Amino acid sequence: MDLLGHYNYYVVVVLMMIGFYAVIARGNMAKKIMGLNLFQTSAFILFISAGKILGGATPILRDGVEVYSNPLPHVLILTAIVVGVATTAVGLALAVRINEAYGSIEDDLLTEVEDADEDDEGTA
Amino acid sequence: MVAVAVVASRDLFSAAMLFAIYSLLSAALFVVLDAGDVALTEAAVGAGISTILVLAVLALAKRYEHPVKALNLPALAVVTVTGACLFWAVSDLPDFGAADNPVQTHVAPYYVNETYNDMGIPNMVAAVLASYRSIDTFGEVIVIFTAGLGVFALLSVPPKRRRRRSREDDQ
């Protein structure tokens with residue numbers, strides 16, 4: 001239960017919460033996606049930390065090395081990074097499309113546009 | 001610290017640059033944690049491609065973020081409560097870096113000991129990714145292909161036609 005033994009995990013939690021805050025508190029869509037990426041990276045650090053063995057080496061076989069870190073989290077996170085970029089690309093493409101249709105990627109401005117549309121329908 | 005700066009800065013261009021720095025720092029951290037392959041991917045993909053994508057969006061949208069209230073209190077409360085729960089959960093995790101952690105004693109020794117006999121290549125990460133779990137990697141390729149199709153479907157209509165159509169909808 002010592003503090004030092006869990007230092008990596010505490011850093012992960014702090015990073016994750018910074019990203020989470022960016023996603024829910026920021027209105028700008030590009031900023032939201034950056035927050036999502038922050039959140040993602042913190043999860044990556046969590047997995048890689050779990051696979052590390054103190055005194056171990058990068059899992060590439062070579063002479064004179066006895067202890068290797070766990071290669072399985074590395075594989076998992078390699079996949080996750082690439083999939084993360086795919087989701088980022090789709091999210092940003094949606095943001096571009098919204099920007100073209102409504103002229104903004106800000107949440108509050110979009111809400112105003114929507115309200116104005118509803119008012120128009122009410123008068124017509 | 002860099003992460004805080006990313007969220008705090010209103011200039012989206014500098015936020016994108018700071019995010020690239022953050023990605024490089026986390027790549028350095030992955031090297032320290034013995035994950036060379038992951039560090040390479042993070043540096044190339046996180047710092048490179050993601051930054052280019054964000055910059056491409058900023059070229060089309062406004063560069064400066066709309067001013068927001070300095071602190072969003074409900075959001076801060078939610079984040080604090082979630083963070084406290086996670087801190088509590090983290091205290092149940094085994095100590096960092098010990099060789100007898102459950103994650104190190106299940107199937108990992110098999111891959112460490114037998115990869116060279118099974119596959120004949122020294123890089124275990126590549127062996128697991130491309131040989132043992134190649135079907136999963138194929139699934140990953142399908143995910144990326146789907147994402148590419150999605151981006152294409154969203155952006156393939158030329159902007160002028162899209163705008164005219166939205167005007168017709170108005171009338």
# chains A, B, ... in the order shown; residues from 1 in each chain; ligands from 1

$ residues_around --residues "Ile105 in chain A" --least-positions-apart "3" --cutoff "8 Å" --atoms "only C-alpha atoms" --output "number ranges by chain"
A: 28-30, 95-96, 98-99, 109-110; B: 61

$ write_last_selection --atoms "N, CA and C atoms" --output "PDB file, in the first residue's frame"
ATOM      1  N   ASN A  28     -15.609  23.312 -27.410  1.00  0.00           N
ATOM      2  CA  ASN A  28     -15.018  23.208 -28.742  1.00  0.00           C
ATOM      3  C   ASN A  28     -14.741  21.758 -29.094  1.00  0.00           C
ATOM      4  N   MET A  29     -15.171  21.338 -30.302  1.00  0.00           N
ATOM      5  CA  MET A  29     -15.090  19.911 -30.617  1.00  0.00           C
ATOM      6  C   MET A  29     -13.658  19.441 -30.805  1.00  0.00           C
ATOM      7  N   ALA A  30     -12.808  20.278 -31.406  1.00  0.00           N
ATOM      8  CA  ALA A  30     -11.402  19.880 -31.533  1.00  0.00           C
ATOM      9  C   ALA A  30     -10.790  19.663 -30.160  1.00  0.00           C
ATOM     10  N   ALA A  95     -16.500  16.751 -37.103  1.00  0.00           N
ATOM     11  CA  ALA A  95     -16.391  18.165 -36.738  1.00  0.00           C
ATOM     12  C   ALA A  95     -16.314  19.032 -37.983  1.00  0.00           C
ATOM     13  N   VAL A  96     -15.533  18.601 -38.986  1.00  0.00           N
ATOM     14  CA  VAL A  96     -15.420  19.364 -40.236  1.00  0.00           C
ATOM     15  C   VAL A  96     -16.779  19.486 -40.906  1.00  0.00           C
ATOM     16  N   ILE A  98     -19.757  19.273 -39.510  1.00  0.00           N
ATOM     17  CA  ILE A  98     -20.626  20.165 -38.732  1.00  0.00           C
ATOM     18  C   ILE A  98     -20.249  21.615 -38.989  1.00  0.00           C
ATOM     19  N   ASN A  99     -18.935  21.859 -39.084  1.00  0.00           N
ATOM     20  CA  ASN A  99     -18.477  23.221 -39.352  1.00  0.00           C
ATOM     21  C   ASN A  99     -18.994  23.710 -40.697  1.00  0.00           C
ATOM     22  N   LEU A 109     -22.647  27.847 -29.597  1.00  0.00           N
ATOM     23  CA  LEU A 109     -23.107  28.490 -30.830  1.00  0.00           C
ATOM     24  C   LEU A 109     -24.055  27.570 -31.590  1.00  0.00           C
ATOM     25  N   LEU A 110     -23.750  26.260 -31.601  1.00  0.00           N
ATOM     26  CA  LEU A 110     -24.623  25.312 -32.290  1.00  0.00           C
ATOM     27  C   LEU A 110     -25.994  25.276 -31.631  1.00  0.00           C
TER      28      LEU A 110
ATOM     29  N   ALA B  61     -11.726  25.238 -39.723  1.00  0.00           N
ATOM     30  CA  ALA B  61     -12.565  25.862 -38.708  1.00  0.00           C
ATOM     31  C   ALA B  61     -11.824  27.052 -38.095  1.00  0.00           C
TER      32      ALA B  61
END

$ residues_around --residues "Val32 in chain B" --least-positions-apart "4" --cutoff "12 Å" --atoms "only C-alpha atoms" --output "PyMOL selection string"
(chain A and resi 45+48-49+52-58+69) or (chain B and resi 25-28+36-39)

$ write_last_selection --atoms "N, CA, C and O atoms" --output "mmCIF file, in the first residue's frame"
data_model
loop_
_atom_site.group_PDB
_atom_site.id
_atom_site.type_symbol
_atom_site.label_atom_id
_atom_site.label_comp_id
_atom_site.auth_asym_id
_atom_site.auth_seq_id
_atom_site.Cartn_x
_atom_site.Cartn_y
_atom_site.Cartn_z
ATOM 1 N N ILE A 45 -0.735 4.254 -20.668
ATOM 2 C CA ILE A 45 0.328 4.251 -19.656
ATOM 3 C C ILE A 45 -0.004 3.246 -18.558
ATOM 4 O O ILE A 45 0.883 2.551 -18.058
ATOM 5 N N ILE A 48 0.916 -0.268 -19.957
ATOM 6 C CA ILE A 48 2.362 -0.467 -20.092
ATOM 7 C C ILE A 48 3.011 -0.565 -18.715
ATOM 8 O O ILE A 48 3.922 -1.368 -18.502
ATOM 9 N N SER A 49 2.504 0.233 -17.744
ATOM 10 C CA SER A 49 3.032 0.153 -16.387
ATOM 11 C C SER A 49 2.817 -1.234 -15.808
ATOM 12 O O SER A 49 3.688 -1.780 -15.133
ATOM 13 N N LYS A 52 5.465 -3.739 -16.939
ATOM 14 C CA LYS A 52 6.878 -3.502 -16.626
ATOM 15 C C LYS A 52 7.336 -4.369 -15.453
ATOM 16 O O LYS A 52 6.618 -4.523 -14.464
ATOM 17 N N ILE A 53 8.522 -4.964 -15.595
ATOM 18 C CA ILE A 53 9.167 -5.631 -14.460
ATOM 19 C C ILE A 53 10.419 -4.828 -14.142
ATOM 20 O O ILE A 53 11.228 -4.565 -15.035
ATOM 21 N N LEU A 54 10.583 -4.430 -12.885
ATOM 22 C CA LEU A 54 11.766 -3.650 -12.514
ATOM 23 C C LEU A 54 13.006 -4.480 -12.800
ATOM 24 O O LEU A 54 13.085 -5.651 -12.431
ATOM 25 N N GLY A 55 13.989 -3.884 -13.499
ATOM 26 C CA GLY A 55 15.198 -4.619 -13.871
ATOM 27 C C GLY A 55 15.022 -5.434 -15.127
ATOM 28 O O GLY A 55 15.948 -6.099 -15.566
ATOM 29 N N GLY A 56 13.825 -5.390 -15.735
ATOM 30 C CA GLY A 56 13.589 -6.136 -16.961
ATOM 31 C C GLY A 56 14.092 -5.369 -18.165
ATOM 32 O O GLY A 56 14.588 -4.249 -18.049
ATOM 33 N N ALA A 57 13.954 -5.992 -19.352
ATOM 34 C CA ALA A 57 14.431 -5.357 -20.570
ATOM 35 C C ALA A 57 13.329 -5.384 -21.613
ATOM 36 O O ALA A 57 12.336 -6.101 -21.480
ATOM 37 N N THR A 58 13.508 -4.571 -22.678
ATOM 38 C CA THR A 58 12.572 -4.577 -23.800
ATOM 39 C C THR A 58 12.426 -5.992 -24.343
ATOM 40 O O THR A 58 13.435 -6.687 -24.496
ATOM 41 N N SER A 69 10.406 -7.607 -19.881
ATOM 42 C CA SER A 69 9.081 -7.130 -19.483
ATOM 43 C C SER A 69 8.030 -7.877 -20.293
ATOM 44 O O SER A 69 8.320 -8.461 -21.331
ATOM 45 N N LEU B 25 6.449 13.132 -24.988
ATOM 46 C CA LEU B 25 6.838 12.823 -23.614
ATOM 47 C C LEU B 25 6.340 11.445 -23.219
ATOM 48 O O LEU B 25 7.067 10.669 -22.580
ATOM 49 N N SER B 26 5.095 11.111 -23.604
ATOM 50 C CA SER B 26 4.593 9.793 -23.218
ATOM 51 C C SER B 26 5.348 8.714 -23.982
ATOM 52 O O SER B 26 5.568 7.619 -23.444
ATOM 53 N N ALA B 27 5.807 9.005 -25.216
ATOM 54 C CA ALA B 27 6.639 8.034 -25.923
ATOM 55 C C ALA B 27 7.934 7.792 -25.158
ATOM 56 O O ALA B 27 8.384 6.649 -25.010
ATOM 57 N N ALA B 28 8.531 8.872 -24.629
ATOM 58 C CA ALA B 28 9.742 8.712 -23.824
ATOM 59 C C ALA B 28 9.465 7.862 -22.598
ATOM 60 O O ALA B 28 10.263 6.998 -22.219
ATOM 61 N N GLY B 36 9.562 -0.471 -26.330
ATOM 62 C CA GLY B 36 10.155 0.222 -27.473
ATOM 63 C C GLY B 36 9.219 0.344 -28.654
ATOM 64 O O GLY B 36 9.105 1.417 -29.254
ATOM 65 N N ASP B 37 8.524 -0.750 -28.979
ATOM 66 C CA ASP B 37 7.629 -0.722 -30.138
ATOM 67 C C ASP B 37 6.494 0.265 -29.930
ATOM 68 O O ASP B 37 6.118 1.007 -30.834
ATOM 69 N N VAL B 38 5.952 0.273 -28.698
ATOM 70 C CA VAL B 38 4.853 1.190 -28.404
ATOM 71 C C VAL B 38 5.339 2.629 -28.496
ATOM 72 O O VAL B 38 4.633 3.500 -29.017
ATOM 73 N N ALA B 39 6.557 2.886 -28.029
ATOM 74 C CA ALA B 39 7.095 4.245 -28.074
ATOM 75 C C ALA B 39 7.232 4.717 -29.513
ATOM 76 O O ALA B 39 6.864 5.859 -29.841
#

$ closest_residue --among "A:His6, A:Glu112, A:Leu15, A:Ile24" --to "Val78 in chain B" --atoms "only C-alpha atoms"
A:Ile24

$ atom_distance --atom1 "CA of Met34 in chain A" --atom2 "CA of Val83 in chain A"
15.1 Å

$ residues_around --residues "range 110-122 of chain B" --least-positions-apart "5" --cutoff "8 Å" --atoms "only C-alpha atoms" --output "list in words"
Pro59, Ile60, Leu61, Arg62, Tyr68, Asn70 and Pro71 of chain A; Ala127, Val128 and Ser131 of chain B

$ residues_around --residues "Gly19 in chain A" --least-positions-apart "4" --cutoff "9 Å" --atoms "only C-alpha atoms" --output "short mmCIF file (atom, residue, chain, number, x, y, z; two decimals) with N, CA and C atoms, in the first residue's frame"
data_model
loop_
_atom_site.label_atom_id
_atom_site.label_comp_id
_atom_site.auth_asym_id
_atom_site.auth_seq_id
_atom_site.Cartn_x
_atom_site.Cartn_y
_atom_site.Cartn_z
N VAL A 14 -4.64 10.94 -12.58
CA VAL A 14 -4.68 12.40 -12.74
C VAL A 14 -4.81 12.78 -14.21
N LEU A 15 -4.00 12.14 -15.08
CA LEU A 15 -4.07 12.43 -16.51
C LEU A 15 -5.46 12.11 -17.05
N VAL A 23 -13.21 16.74 -21.93
CA VAL A 23 -14.30 16.24 -22.76
C VAL A 23 -15.63 16.83 -22.32
N ILE A 24 -15.89 16.91 -21.00
CA ILE A 24 -17.22 17.33 -20.58
C ILE A 24 -17.34 18.83 -20.40
N LYS A 32 -12.45 18.85 -27.42
CA LYS A 32 -13.03 17.63 -26.86
C LYS A 32 -12.26 16.40 -27.34
N MET A 34 -9.17 16.29 -28.37
CA MET A 34 -7.87 16.26 -27.69
C MET A 34 -8.01 15.67 -26.29
N GLY A 35 -9.09 16.05 -25.59
CA GLY A 35 -9.32 15.50 -24.26
C GLY A 35 -9.50 14.00 -24.31
N LEU A 36 -10.23 13.55 -25.33
CA LEU A 36 -10.44 12.11 -25.51
C LEU A 36 -9.09 11.40 -25.70
N ASN A 37 -8.19 12.04 -26.48
CA ASN A 37 -6.88 11.44 -26.70
C ASN A 37 -6.05 11.40 -25.42
N LEU A 38 -6.17 12.47 -24.60
CA LEU A 38 -5.49 12.47 -23.30
C LEU A 38 -5.94 11.28 -22.47
N PHE A 39 -7.26 11.11 -22.41
CA PHE A 39 -7.86 10.01 -21.66
C PHE A 39 -7.29 8.67 -22.13
N GLN A 40 -7.24 8.53 -23.47
CA GLN A 40 -6.72 7.31 -24.08
C GLN A 40 -5.28 7.04 -23.69
N SER A 42 -3.65 8.01 -21.16
CA SER A 42 -3.50 7.61 -19.76
C SER A 42 -3.79 6.12 -19.60
N ALA B 3 -0.33 18.47 -20.06
CA ALA B 3 -1.73 18.13 -20.26
C ALA B 3 -2.64 19.26 -19.81
N VAL B 4 -2.30 19.87 -18.65
CA VAL B 4 -3.10 21.01 -18.17
C VAL B 4 -3.04 22.14 -19.18
N VAL B 7 -5.38 21.66 -22.12
CA VAL B 7 -6.79 21.95 -21.86
C VAL B 7 -6.99 23.45 -21.66
#

$ residues_around --residues "Ser23 in chain B" --least-positions-apart "6" --cutoff "8 Å" --atoms "only C-alpha atoms" --output "PyMOL selection string"
chain B and resi 42-43+46-47

$ closest_residue --among "B:Ser14, B:Asn123, B:Thr105, B:Thr82" --to "chain A" --atoms "only C-alpha atoms"
B:Asn123

$ closest_residue --among "A:Lys31, A:Phe47, A:Glu114, A:Gly103" --to "Val75 in chain A" --atoms "only C-alpha atoms"
A:Phe47

$ closest_residue --among "B:Tyr132, B:Phe138, B:Asp95, B:Ile52" --to "chain A" --atoms "only C-alpha atoms"
B:Asp95

$ select_by_dssp --residues "chain A" --states "alpha helix (DSSP H)" --output "ChimeraX atom specification"
/A:7-25,29-51,71-102,107-123
